[in-house]
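Novice: mmCIF, C-alpha atoms and all ligand atoms, saved as run_14.cif, coming up:
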data_model
#
loop_
_atom_site.group_PDB
_atom_site.id
_atom_site.type_symbol
_atom_site.label_atom_id
_atom_site.label_comp_id
_atom_site.auth_asym_id
_atom_site.auth_seq_id
_atom_site.Cartn_x
_atom_site.Cartn_y
_atom_site.Cartn_z
ATOM 1 C CA MET A 1437 -0.444 -18.327 6.487
ATOM 2 C CA LEU A 1438 0.728 -16.541 3.374
ATOM 3 C CA ILE A 1439 -1.543 -13.577 2.631
ATOM 4 C CA ILE A 1440 -0.609 -12.524 -0.880
ATOM 5 C CA GLY A 1441 -2.277 -10.283 -3.415
ATOM 6 C CA SER A 1442 -1.768 -7.374 -5.719
ATOM 7 C CA HIS A 1443 -3.123 -4.068 -6.763
ATOM 8 C CA VAL A 1444 -6.383 -4.703 -8.673
ATOM 9 C CA ASN A 1445 -8.965 -2.622 -10.557
ATOM 10 C CA PHE A 1446 -12.050 -1.070 -9.009
ATOM 11 C CA ARG A 1447 -14.212 -0.032 -11.950
ATOM 12 C CA GLU A 1448 -17.884 -0.457 -12.949
ATOM 13 C CA ASP A 1449 -18.127 -3.665 -10.910
ATOM 14 C CA GLN A 1450 -16.472 -1.950 -7.934
ATOM 15 C CA LEU A 1451 -15.386 -4.407 -5.195
ATOM 16 C CA LEU A 1452 -16.860 -7.344 -7.125
ATOM 17 C CA GLY A 1453 -14.505 -6.584 -10.024
ATOM 18 C CA SER A 1454 -11.551 -6.345 -7.639
ATOM 19 C CA VAL A 1455 -12.348 -9.774 -6.201
ATOM 20 C CA LYS A 1456 -12.728 -11.272 -9.686
ATOM 21 C CA ASP A 1457 -9.298 -9.866 -10.613
ATOM 22 C CA ILE A 1458 -7.504 -11.359 -7.613
ATOM 23 C CA ILE A 1459 -9.146 -14.753 -8.103
ATOM 24 C CA LYS A 1460 -7.728 -14.732 -11.652
ATOM 25 C CA TYR A 1461 -4.286 -13.919 -10.230
ATOM 26 C CA GLY A 1462 -4.421 -16.645 -7.566
ATOM 27 C CA GLY A 1463 -4.153 -14.303 -4.570
ATOM 28 C CA ASN A 1464 -6.060 -14.313 -1.294
ATOM 29 C CA THR A 1465 -6.057 -10.572 -0.625
ATOM 30 C CA PHE A 1466 -5.913 -7.390 -2.732
ATOM 31 C CA MET A 1467 -5.493 -3.629 -2.791
ATOM 32 C CA PHE A 1468 -7.571 -1.118 -4.757
ATOM 33 C CA TYR A 1469 -8.165 2.595 -5.224
ATOM 34 C CA THR A 1470 -11.823 3.602 -4.938
ATOM 35 C CA GLY A 1471 -11.361 5.670 -8.127
ATOM 36 C CA ALA A 1472 -8.550 7.170 -10.195
ATOM 37 C CA PRO A 1473 -5.690 7.929 -7.763
ATOM 38 C CA GLN A 1474 -4.829 11.209 -9.490
ATOM 39 C CA ASN A 1475 -8.275 12.850 -9.317
ATOM 40 C CA SER A 1476 -11.211 13.246 -6.929
ATOM 41 C CA ILE A 1477 -14.020 12.010 -9.197
ATOM 42 C CA ARG A 1478 -15.763 9.163 -7.369
ATOM 43 C CA ARG A 1479 -18.725 7.008 -8.398
ATOM 44 C CA ALA A 1480 -21.339 6.266 -5.706
ATOM 45 C CA LEU A 1481 -20.881 2.873 -4.118
ATOM 46 C CA ASP A 1482 -23.390 0.180 -5.040
ATOM 47 C CA ASP A 1483 -24.212 -2.005 -2.008
ATOM 48 C CA SER A 1484 -25.514 -4.862 -4.149
ATOM 49 C CA LEU A 1485 -22.080 -5.160 -5.814
ATOM 50 C CA THR A 1486 -20.397 -5.077 -2.407
ATOM 51 C CA ILE A 1487 -22.599 -7.910 -1.138
ATOM 52 C CA LYS A 1488 -21.892 -9.969 -4.264
ATOM 53 C CA ALA A 1489 -18.190 -9.332 -3.679
ATOM 54 C CA TYR A 1490 -18.480 -10.594 -0.083
ATOM 55 C CA HIS A 1491 -20.123 -13.831 -1.274
ATOM 56 C CA LEU A 1492 -17.407 -14.424 -3.848
ATOM 57 C CA MET A 1493 -14.706 -13.678 -1.263
ATOM 58 C CA LYS A 1494 -16.207 -16.219 1.111
ATOM 59 C CA GLU A 1495 -16.222 -18.880 -1.596
ATOM 60 C CA HIS A 1496 -12.545 -18.244 -2.276
ATOM 61 C CA ASN A 1497 -11.298 -17.786 1.314
ATOM 62 C CA ILE A 1498 -10.451 -14.125 0.839
ATOM 63 C CA LEU A 1499 -10.628 -12.420 4.225
ATOM 64 C CA LEU A 1500 -12.195 -8.962 4.246
ATOM 65 C CA ASP A 1501 -10.106 -7.874 7.233
ATOM 66 C CA LYS A 1502 -6.890 -8.322 5.196
ATOM 67 C CA VAL A 1503 -8.084 -6.240 2.237
ATOM 68 C CA VAL A 1504 -6.388 -2.902 1.687
ATOM 69 C CA CYS A 1505 -7.476 0.353 0.068
ATOM 70 C CA HIS A 1506 -4.954 2.965 -1.146
ATOM 71 C CA ALA A 1507 -5.757 6.658 -0.732
ATOM 72 C CA PRO A 1508 -5.352 8.835 -3.848
ATOM 73 C CA TYR A 1509 -2.063 10.626 -4.564
ATOM 74 C CA VAL A 1510 -3.794 14.009 -4.739
ATOM 75 C CA ILE A 1511 -4.049 14.018 -0.950
ATOM 76 C CA ASN A 1512 -1.124 15.890 0.627
ATOM 77 C CA LEU A 1513 -1.491 16.587 4.331
ATOM 78 C CA ALA A 1514 2.082 17.859 4.700
ATOM 79 C CA ASN A 1515 1.849 21.162 2.836
ATOM 80 C CA ASN A 1516 -0.378 23.918 4.177
ATOM 81 C CA SER A 1517 1.090 26.776 2.115
ATOM 82 C CA ASP A 1518 -2.186 26.766 0.153
ATOM 83 C CA PRO A 1519 -4.930 26.567 2.832
ATOM 84 C CA LEU A 1520 -7.545 25.526 0.284
ATOM 85 C CA LYS A 1521 -5.484 22.560 -0.898
ATOM 86 C CA TYR A 1522 -4.675 21.580 2.681
ATOM 87 C CA ARG A 1523 -8.384 21.660 3.492
ATOM 88 C CA PHE A 1524 -9.227 19.721 0.303
ATOM 89 C CA SER A 1525 -6.752 16.984 1.324
ATOM 90 C CA GLN A 1526 -8.416 16.577 4.696
ATOM 91 C CA ASP A 1527 -11.934 16.573 3.236
ATOM 92 C CA PHE A 1528 -11.029 14.099 0.510
ATOM 93 C CA LEU A 1529 -9.295 11.775 2.975
ATOM 94 C CA ARG A 1530 -12.428 11.912 5.130
ATOM 95 C CA LYS A 1531 -14.532 10.891 2.099
ATOM 96 C CA GLU A 1532 -12.175 8.013 1.335
ATOM 97 C CA ILE A 1533 -12.396 6.806 4.944
ATOM 98 C CA ASP A 1534 -16.196 6.877 4.661
ATOM 99 C CA ARG A 1535 -16.023 4.847 1.433
ATOM 100 C CA CYS A 1536 -13.756 2.265 3.094
ATOM 101 C CA ILE A 1537 -16.146 1.990 6.045
ATOM 102 C CA LEU A 1538 -19.078 1.477 3.652
ATOM 103 C CA LEU A 1539 -17.103 -1.272 1.893
ATOM 104 C CA GLY A 1540 -16.098 -2.856 5.216
ATOM 105 C CA VAL A 1541 -12.406 -2.375 4.409
ATOM 106 C CA LYS A 1542 -10.276 -1.688 7.481
ATOM 107 C CA TYR A 1543 -6.903 -0.621 6.063
ATOM 108 C CA LEU A 1544 -6.303 2.604 4.141
ATOM 109 C CA VAL A 1545 -2.740 3.188 2.891
ATOM 110 C CA LEU A 1546 -1.719 6.843 2.787
ATOM 111 C CA HIS A 1547 1.414 8.550 1.487
ATOM 112 C CA PRO A 1548 2.292 10.796 4.454
ATOM 113 C CA GLY A 1549 2.828 13.746 2.118
ATOM 114 C CA SER A 1550 5.384 16.081 0.565
ATOM 115 C CA ALA A 1551 6.600 19.198 2.370
ATOM 116 C CA VAL A 1552 6.899 21.190 -0.905
ATOM 117 C CA LYS A 1553 7.755 24.691 0.375
ATOM 118 C CA CYS A 1554 7.189 23.954 4.075
ATOM 119 C CA GLU A 1555 9.992 23.365 6.536
ATOM 120 C CA LYS A 1556 10.255 19.662 7.392
ATOM 121 C CA ASN A 1557 9.157 19.781 11.031
ATOM 122 C CA ALA A 1558 6.264 22.099 10.219
ATOM 123 C CA ALA A 1559 5.227 19.691 7.457
ATOM 124 C CA LEU A 1560 5.316 16.727 9.851
ATOM 125 C CA TYR A 1561 3.142 18.739 12.222
ATOM 126 C CA ASN A 1562 0.715 19.480 9.348
ATOM 127 C CA ILE A 1563 0.343 15.734 8.742
ATOM 128 C CA ILE A 1564 -0.353 15.106 12.434
ATOM 129 C CA LYS A 1565 -2.845 17.965 12.637
ATOM 130 C CA GLY A 1566 -4.597 16.879 9.457
ATOM 131 C CA LEU A 1567 -4.922 13.246 10.561
ATOM 132 C CA ASN A 1568 -6.175 14.216 14.013
ATOM 133 C CA ARG A 1569 -8.806 16.465 12.447
ATOM 134 C CA VAL A 1570 -9.974 13.777 10.048
ATOM 135 C CA LEU A 1571 -10.068 10.709 12.323
ATOM 136 C CA ALA A 1572 -13.063 10.179 14.617
ATOM 137 C CA SER A 1573 -13.086 7.976 17.728
ATOM 138 C CA ASP A 1574 -15.651 5.503 16.363
ATOM 139 C CA ASP A 1575 -14.111 5.062 12.874
ATOM 140 C CA ASN A 1576 -13.510 1.426 12.028
ATOM 141 C CA ILE A 1577 -10.393 2.264 10.004
ATOM 142 C CA ILE A 1578 -6.624 2.077 10.334
ATOM 143 C CA ILE A 1579 -4.638 4.618 8.309
ATOM 144 C CA LEU A 1580 -1.386 3.006 7.182
ATOM 145 C CA LEU A 1581 1.419 5.497 6.622
ATOM 146 C CA GLU A 1582 3.507 4.210 3.726
ATOM 147 C CA THR A 1583 7.306 4.233 3.960
ATOM 148 C CA MET A 1584 8.458 6.562 1.177
ATOM 149 C CA ALA A 1585 11.530 6.587 -1.084
ATOM 150 C CA GLY A 1586 12.520 10.190 -0.383
ATOM 151 C CA LYS A 1587 11.768 11.514 -3.845
ATOM 152 C CA GLY A 1588 11.554 15.321 -3.877
ATOM 153 C CA THR A 1589 10.313 16.569 -0.500
ATOM 154 C CA GLU A 1590 8.500 13.381 0.544
ATOM 155 C CA LEU A 1591 8.081 12.670 4.249
ATOM 156 C CA GLY A 1592 7.878 9.333 6.022
ATOM 157 C CA ILE A 1593 11.248 8.291 4.608
ATOM 158 C CA ASN A 1594 12.686 6.822 7.819
ATOM 159 C CA ILE A 1595 11.582 5.260 11.094
ATOM 160 C CA GLU A 1596 12.075 8.517 13.024
ATOM 161 C CA GLU A 1597 9.672 10.516 10.830
ATOM 162 C CA LEU A 1598 7.042 7.781 11.000
ATOM 163 C CA LYS A 1599 7.465 7.599 14.766
ATOM 164 C CA THR A 1600 7.001 11.357 15.138
ATOM 165 C CA ILE A 1601 3.716 11.178 13.259
ATOM 166 C CA ILE A 1602 2.432 8.027 14.990
ATOM 167 C CA ASP A 1603 3.314 9.205 18.506
ATOM 168 C CA ASN A 1604 1.203 12.315 18.030
ATOM 169 C CA ILE A 1605 -1.953 10.681 16.684
ATOM 170 C CA THR A 1606 -4.840 10.922 19.142
ATOM 171 C CA TYR A 1607 -6.447 7.578 18.342
ATOM 172 C CA GLN A 1608 -3.525 5.133 18.508
ATOM 173 C CA ASP A 1609 -5.704 2.223 17.348
ATOM 174 C CA LYS A 1610 -6.331 4.025 14.027
ATOM 175 C CA ILE A 1611 -2.734 4.461 12.876
ATOM 176 C CA GLY A 1612 -0.304 1.918 11.426
ATOM 177 C CA VAL A 1613 2.393 1.506 8.794
ATOM 178 C CA CYS A 1614 2.613 -0.002 5.309
ATOM 179 C CA LEU A 1615 6.173 -0.982 4.383
ATOM 180 C CA ASP A 1616 7.138 -0.824 0.695
ATOM 181 C CA THR A 1617 10.258 -2.800 -0.226
ATOM 182 C CA CYS A 1618 11.052 -0.613 -3.266
ATOM 183 C CA HIS A 1619 10.638 2.584 -1.276
ATOM 184 C CA LEU A 1620 12.713 1.217 1.626
ATOM 185 C CA ASN A 1621 15.495 0.215 -0.780
ATOM 186 C CA ASP A 1622 15.422 3.615 -2.446
ATOM 187 C CA SER A 1623 15.405 5.360 0.943
ATOM 188 C CA GLY A 1624 18.654 3.578 1.898
ATOM 189 C CA ILE A 1625 17.590 0.313 3.581
ATOM 190 C CA ASP A 1626 19.312 -2.933 2.539
ATOM 191 C CA ILE A 1627 16.448 -5.393 1.956
ATOM 192 C CA ASN A 1628 18.989 -8.246 2.027
ATOM 193 C CA ASN A 1629 19.444 -7.431 5.706
ATOM 194 C CA PHE A 1630 15.749 -6.973 6.467
ATOM 195 C CA ASP A 1631 15.812 -8.355 10.006
ATOM 196 C CA LEU A 1632 18.137 -5.528 10.992
ATOM 197 C CA TYR A 1633 15.517 -3.032 9.781
ATOM 198 C CA LEU A 1634 12.778 -4.950 11.605
ATOM 199 C CA ASP A 1635 14.863 -4.866 14.802
ATOM 200 C CA GLN A 1636 15.084 -1.083 14.553
ATOM 201 C CA PHE A 1637 11.393 -0.794 13.742
ATOM 202 C CA GLU A 1638 10.506 -3.040 16.665
ATOM 203 C CA ASP A 1639 12.679 -0.986 18.972
ATOM 204 C CA LYS A 1640 11.313 2.434 17.987
ATOM 205 C CA ILE A 1641 7.717 1.841 16.848
ATOM 206 C CA GLY A 1642 6.780 -1.801 17.410
ATOM 207 C CA LEU A 1643 6.148 -4.487 14.807
ATOM 208 C CA ASP A 1644 2.447 -4.586 15.734
ATOM 209 C CA LYS A 1645 2.045 -1.303 13.823
ATOM 210 C CA ILE A 1646 2.984 -2.977 10.504
ATOM 211 C CA LYS A 1647 -0.312 -3.948 8.864
ATOM 212 C CA CYS A 1648 0.612 -4.264 5.176
ATOM 213 C CA ILE A 1649 3.728 -4.730 3.025
ATOM 214 C CA HIS A 1650 4.059 -3.644 -0.591
ATOM 215 C CA ILE A 1651 6.320 -6.141 -2.339
ATOM 216 C CA ASN A 1652 8.161 -4.540 -5.246
ATOM 217 C CA ASP A 1653 11.608 -4.878 -6.726
ATOM 218 C CA SER A 1654 13.394 -1.600 -7.515
ATOM 219 C CA LYS A 1655 14.908 -0.199 -10.709
ATOM 220 C CA ASN A 1656 17.427 1.764 -8.632
ATOM 221 C CA GLU A 1657 20.303 1.095 -6.269
ATOM 222 C CA VAL A 1658 19.951 1.457 -2.480
ATOM 223 C CA GLY A 1659 19.545 5.067 -1.375
ATOM 224 C CA MET A 1660 18.841 6.638 -4.780
ATOM 225 C CA HIS A 1661 15.539 8.251 -3.634
ATOM 226 C CA LYS A 1662 13.827 7.452 -6.945
ATOM 227 C CA ASP A 1663 10.733 5.226 -6.437
ATOM 228 C CA ARG A 1664 10.597 3.184 -9.644
ATOM 229 C CA HIS A 1665 9.158 -0.291 -9.132
ATOM 230 C CA ALA A 1666 10.471 -3.367 -10.971
ATOM 231 C CA ASN A 1667 9.027 -6.871 -11.433
ATOM 232 C CA LEU A 1668 10.121 -9.401 -8.835
ATOM 233 C CA GLY A 1669 13.660 -10.559 -9.529
ATOM 234 C CA PHE A 1670 14.169 -8.013 -12.313
ATOM 235 C CA GLY A 1671 15.466 -5.217 -10.104
ATOM 236 C CA THR A 1672 18.300 -4.414 -7.736
ATOM 237 C CA ILE A 1673 16.719 -6.054 -4.657
ATOM 238 C CA GLY A 1674 16.423 -9.477 -6.259
ATOM 239 C CA PHE A 1675 14.017 -12.379 -5.931
ATOM 240 C CA ASP A 1676 15.611 -14.173 -2.963
ATOM 241 C CA ALA A 1677 15.646 -11.088 -0.735
ATOM 242 C CA LEU A 1678 11.973 -10.435 -1.527
ATOM 243 C CA ILE A 1679 11.042 -14.070 -0.831
ATOM 244 C CA ASP A 1680 12.768 -13.741 2.545
ATOM 245 C CA VAL A 1681 10.604 -10.691 3.335
ATOM 246 C CA ILE A 1682 7.424 -12.447 2.177
ATOM 247 C CA TYR A 1683 8.096 -15.554 4.262
ATOM 248 C CA ASN A 1684 9.689 -13.789 7.260
ATOM 249 C CA GLU A 1685 7.980 -15.270 10.323
ATOM 250 C CA ARG A 1686 7.921 -11.929 12.098
ATOM 251 C CA LEU A 1687 5.628 -10.680 9.320
ATOM 252 C CA SER A 1688 3.358 -13.685 8.939
ATOM 253 C CA GLY A 1689 -0.349 -12.918 8.681
ATOM 254 C CA ILE A 1690 0.392 -9.439 7.309
ATOM 255 C CA PRO A 1691 -1.017 -8.902 3.791
ATOM 256 C CA LYS A 1692 1.713 -8.693 1.101
ATOM 257 C CA ILE A 1693 0.668 -6.672 -1.938
ATOM 258 C CA LEU A 1694 2.403 -6.527 -5.335
ATOM 259 C CA GLU A 1695 2.544 -3.152 -7.097
ATOM 260 C CA THR A 1696 4.967 -4.210 -9.797
ATOM 261 C CA PRO A 1697 4.726 -2.694 -13.287
ATOM 262 C CA TYR A 1698 2.534 -4.082 -16.049
ATOM 263 C CA VAL A 1699 4.386 -5.910 -18.809
ATOM 264 C CA ASP A 1700 3.271 -4.582 -22.215
ATOM 265 C CA ASP A 1701 -0.055 -3.433 -20.686
ATOM 266 C CA MET A 1702 -0.570 -6.868 -19.064
ATOM 267 C CA PRO A 1703 -0.804 -7.287 -15.278
ATOM 268 C CA PRO A 1704 2.053 -9.622 -14.241
ATOM 269 C CA TYR A 1705 0.488 -10.607 -10.913
ATOM 270 C CA LYS A 1706 -0.744 -14.095 -11.799
ATOM 271 C CA TYR A 1707 2.793 -15.062 -12.792
ATOM 272 C CA GLU A 1708 4.507 -13.288 -9.908
ATOM 273 C CA ILE A 1709 2.140 -14.827 -7.332
ATOM 274 C CA ALA A 1710 2.891 -18.257 -8.825
ATOM 275 C CA MET A 1711 6.642 -17.588 -8.459
ATOM 276 C CA ILE A 1712 6.109 -16.540 -4.835
ATOM 277 C CA LYS A 1713 4.118 -19.668 -4.034
ATOM 278 C CA ASN A 1714 6.805 -21.865 -5.679
ATOM 279 C CA LYS A 1715 9.604 -19.762 -4.150
ATOM 280 C CA LYS A 1716 11.289 -20.116 -7.498
ATOM 281 C CA PHE A 1717 12.403 -17.323 -9.795
ATOM 282 C CA ASN A 1718 11.473 -17.596 -13.458
ATOM 283 C CA PRO A 1719 14.051 -15.573 -15.416
ATOM 284 C CA ASN A 1720 11.885 -15.854 -18.541
ATOM 285 C CA LEU A 1721 8.816 -14.385 -16.832
ATOM 286 C CA ILE A 1722 8.612 -11.178 -18.840
ATOM 287 C CA ASP A 1723 9.143 -12.947 -22.181
ATOM 288 C CA GLU A 1724 6.496 -15.515 -21.282
ATOM 289 C CA ILE A 1725 3.938 -12.855 -20.371
ATOM 290 C CA ILE A 1726 4.533 -11.118 -23.693
ATOM 291 C CA GLU A 1727 4.283 -14.403 -25.624
ATOM 292 C CA ARG A 1728 0.927 -15.262 -24.003
ATOM 293 C CA MET A 1729 -0.646 -12.036 -25.226
HETATM 294 FE FE FE B 1801 1.739 3.908 -2.296
HETATM 295 FE FE FE B 1802 3.671 1.197 -2.349
HETATM 296 ZN ZN ZN B 1803 6.201 3.576 -5.167
#
Please, can you express the file's structure as structure tokens?
Ligand code: FE
Ligand code: FE
Ligand code: ZN
Specialist:
Amino acid sequence: MLIIGSHVNFREDQLLGSVKDIIKYGGNTFMFYTGAPQNSIRRALDDSLTIKAYHLMKEHNILLDKVVCHAPYVINLANNSDPLKYRFSQDFLRKEIDRCILLGVKYLVLHPGSAVKCEKNAALYNIIKGLNRVLASDDNIIILLETMAGKGTELGINIEELKTIIDNITYQDKIGVCLDTCHLNDSGIDINNFDLYLDQFEDKIGLDKIKCIHINDSKNEVGMHKDRHANLGFGTIGFDALIDVIYNERLSGIPKILETPYVDDMPPYKYEIAMIKNKKFNPNLIDEIIERM
């Protein structure tokens, strides 16, 4: 079954608002941040809104166990050159895990981190140490390390780095991977030859570790290490290659999440999800979104 959704808001209405958004877009799963991704200000969770969200999800066949939360960008477990910031990252990740558990959301996507001034292997070890400190044996959560583009000193930019982290996590049932097609493209992977990448992933890590896929086109050519998302079919990866990823049988049942850019301040997800369901590219998509405003 196709599990498709997009990034949605999580504001005053919290999870209920997120569900309302994805129903408007025609998806059956979604991804949210529990607050602004670039700061640590968080509103207390309101259980009555969560329960209302569950009811609405049930009505619309949205499965809670496919819903994904994204950890804030301010968390960086890779760099310990400032001990206070390294500690803050661990504490804040712990709080985000607790919020996910309260919401009943099982998947938490995390950018592995940026080494900044640390040596690469030391930085990978910092990530491992940080995750092992934060995760507890009875947590009902799976941290999904996102594949990164290789911008600046980012880590998690190839299968080997992800494998190093995963192999050293104490609770193996609490660690997984979130692929991002734009990031993979920018890191040097040809999305048009995706089965080759999956073969390598299967060989070194195992496909069972892939729990989420971010579906984005890219504004840059393969291997440019940029990380700039494009709307589906309007980038260098192209619509057909992305459709092949979305409908790849080896990835069926895994939630696919759009993080494509807004068009003139309008979320494009309703239109992109429609294109995905029809498997047909609409070259006038962006013009049509602007016209409907
Ligand atoms: Fe991300
Ligand atoms: Fe992503
Ligand atoms: Zn990105």
Novice: Chain A near ligand FE 1802 (chain B) within 10 Å: what's each residue's closest atom pair and its distance in Å to one decimal, counting all atoms listed in the file, ordered by chain then ascending residue number, as CSV?
Specialist:
residue,atom,partner,partner_atom,distance
A:His1443,CA,B:FE1802,FE,9.7
A:His1506,CA,B:FE1802,FE,8.9
A:Val1545,CA,B:FE1802,FE,8.5
A:Leu1546,CA,B:FE1802,FE,9.3
A:His1547,CA,B:FE1802,FE,8.6
A:Glu1582,CA,B:FE1802,FE,6.8
A:Thr1583,CA,B:FE1802,FE,7.9
A:Met1584,CA,B:FE1802,FE,8.0
A:Ala1585,CA,B:FE1802,FE,9.6
A:Cys1614,CA,B:FE1802,FE,7.8
A:Leu1615,CA,B:FE1802,FE,7.5
A:Asp1616,CA,B:FE1802,FE,5.0
A:Thr1617,CA,B:FE1802,FE,8.0
A:Cys1618,CA,B:FE1802,FE,7.7
A:His1619,CA,B:FE1802,FE,7.2
A:Leu1620,CA,B:FE1802,FE,9.9
A:Cys1648,CA,B:FE1802,FE,9.8
A:Ile1649,CA,B:FE1802,FE,8.0
A:His1650,CA,B:FE1802,FE,5.2
A:Ile1651,CA,B:FE1802,FE,7.8
A:Asn1652,CA,B:FE1802,FE,7.8
A:Asp1663,CA,B:FE1802,FE,9.1
A:His1665,CA,B:FE1802,FE,8.9
A:Ile1693,CA,B:FE1802,FE,8.4
A:Leu1694,CA,B:FE1802,FE,8.4
A:Glu1695,CA,B:FE1802,FE,6.5
A:Thr1696,CA,B:FE1802,FE,9.3
Novice: Would you mind exporting C-alpha atoms of the selected residues as a PDB file, keeping the file's coordinate frame?
Specialist:
ATOM      1  CA  HIS A1443      -3.123  -4.068  -6.763  1.00  0.00           C
ATOM      2  CA  HIS A1506      -4.954   2.965  -1.146  1.00  0.00           C
ATOM      3  CA  VAL A1545      -2.740   3.188   2.891  1.00  0.00           C
ATOM      4  CA  LEU A1546      -1.719   6.843   2.787  1.00  0.00           C
ATOM      5  CA  HIS A1547       1.414   8.550   1.487  1.00  0.00           C
ATOM      6  CA  GLU A1582       3.507   4.210   3.726  1.00  0.00           C
ATOM      7  CA  THR A1583       7.306   4.233   3.960  1.00  0.00           C
ATOM      8  CA  MET A1584       8.458   6.562   1.177  1.00  0.00           C
ATOM      9  CA  ALA A1585      11.530   6.587  -1.084  1.00  0.00           C
ATOM     10  CA  CYS A1614       2.613  -0.002   5.309  1.00  0.00           C
ATOM     11  CA  LEU A1615       6.173  -0.982   4.383  1.00  0.00           C
ATOM     12  CA  ASP A1616       7.138  -0.824   0.695  1.00  0.00           C
ATOM     13  CA  THR A1617      10.258  -2.800  -0.226  1.00  0.00           C
ATOM     14  CA  CYS A1618      11.052  -0.613  -3.266  1.00  0.00           C
ATOM     15  CA  HIS A1619      10.638   2.584  -1.276  1.00  0.00           C
ATOM     16  CA  LEU A1620      12.713   1.217   1.626  1.00  0.00           C
ATOM     17  CA  CYS A1648       0.612  -4.264   5.176  1.00  0.00           C
ATOM     18  CA  ILE A1649       3.728  -4.730   3.025  1.00  0.00           C
ATOM     19  CA  HIS A1650       4.059  -3.644  -0.591  1.00  0.00           C
ATOM     20  CA  ILE A1651       6.320  -6.141  -2.339  1.00  0.00           C
ATOM     21  CA  ASN A1652       8.161  -4.540  -5.246  1.00  0.00           C
ATOM     22  CA  ASP A1663      10.733   5.226  -6.437  1.00  0.00           C
ATOM     23  CA  HIS A1665       9.158  -0.291  -9.132  1.00  0.00           C
ATOM     24  CA  ILE A1693       0.668  -6.672  -1.938  1.00  0.00           C
ATOM     25  CA  LEU A1694       2.403  -6.527  -5.335  1.00  0.00           C
ATOM     26  CA  GLU A1695       2.544  -3.152  -7.097  1.00  0.00           C
ATOM     27  CA  THR A1696       4.967  -4.210  -9.797  1.00  0.00           C
TER      28      THR A1696
END
Novice: Excluding A:Asn1557 and residues on its chain fewer than 3 positions from it, collect all residues at most 10 Å away from it, counting all atoms listed in the file, and give them as a ChimeraX atom specification.
Specialist: /A:1514,1551,1554,1560-1563,1591,1597,1600
Novice: Got a sec to resolve the PyMOL selection byres (((chain A and resi 1718) around 12) and not hetatm) on this structure and send the residues as a list in words?
Specialist: Asn1667, Leu1668, Gly1669, Phe1670, Gly1674, Phe1675, Asp1676, Tyr1707, Glu1708, Ile1709, Ala1710, Met1711, Ile1712, Asn1714, Lys1715, Lys1716, Phe1717, Pro1719, Asn1720, Leu1721, Ile1722, Asp1723, Glu1724 and Ile1725 of chain A
Novice: One number please: atom CA of A:Phe1446 to atom CA of A:Leu1485, in Å, one decimal.
Specialist: 11.3 Å
Novice: Atom CA of A:Tyr1509 and atom CA of A:Ser1573 are how many Å apart?
Specialist: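 Here the two named atoms are 25.0 Å from each other.
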Novice: What is the atom CA of A:Leu1438-atom CA of A:Gly1463 distance in Å, reported with one decimal?
Specialist: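 According to the coordinates, atom CA of A:Leu1438 and atom CA of A:Gly1463 are separated by 9.6 Å.
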Novice: Given the choices A:Ile1601, A:Asn1628, A:Glu1495, A:Lys1531, which gets closest to A:Val1570 if the distance is worked out from only C-alpha atoms?
Specialist: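 Closest to A:Val1570 of all the choices is A:Lys1531.
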Novice: For ligand ZN 1803 (chain B), which of A:Leu1632, A:Ala1666, A:Ile1458, A:Leu1598 is the closest residue, counting all atoms listed in the file?
Specialist: A:Ala1666
Novice: Using the chain letters and numbers from the file, which residues does the PyMOL selection byres (((chain A and resi 1473) around 12) and not hetatm) grab, as a VMD selection string?
Specialist: chain A and resid 1445 to 1446 1468 to 1472 1474 to 1478 1505 to 1511 1528 to 1529 1532 1546 to 1547
Novice: Residue by residue, what does the PyMOL selection byres (((chain A and resi 1586) around 8) and not hetatm) grab here? Present the result as a list of chain:residue names.
Specialist: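 With the shown file as input, the PyMOL selection byres (((chain A and resi 1586) around 8) and not hetatm) matches A:Met1584, A:Ala1585, A:Lys1587, A:Gly1588, A:Thr1589, A:Glu1590, A:Leu1591, A:Gly1592, A:Ile1593, A:His1619, A:Asp1622, A:Ser1623, A:His1661, A:Lys1662.
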Novice: Skip A:Lys1488 itself and residues of its chain fewer than 4 positions away, then list as number ranges by chain all residues within 8 Å of it, counting all atoms listed in the file.
Specialist: A: 1452, 1484, 1492
Novice: Using all atoms listed in the file, can you tell me which of A:Ile1577, A:Cys1536, A:Ala1480, A:Ile1439 comes closest to A:Gly1462?
Specialist: A:Ile1439
Novice: Which residue, A:Asp1680, A:Ala1572, A:Pro1691, A:Gln1526, has the smallest gap to A:Met1467 when you use only C-alpha atoms?
Specialist: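 Selected residue with least distance to A:Met1467: A:Pro1691.
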Novice: From the set A:Tyr1607, A:Phe1637, A:Tyr1705, A:Tyr1698, which residue has the shortest atom-to-atom contact distance to A:Asn1576, counting only C-alpha atoms?
Specialist: A:Tyr1607
Novice: With distances taken over only C-alpha atoms, which residue among A:Ile1440, A:Val1658, A:Leu1643, A:Leu1539 lies nearest A:Leu1687?
Specialist: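 Counting only C-alpha atoms, the residue closest to A:Leu1687 is A:Leu1643.
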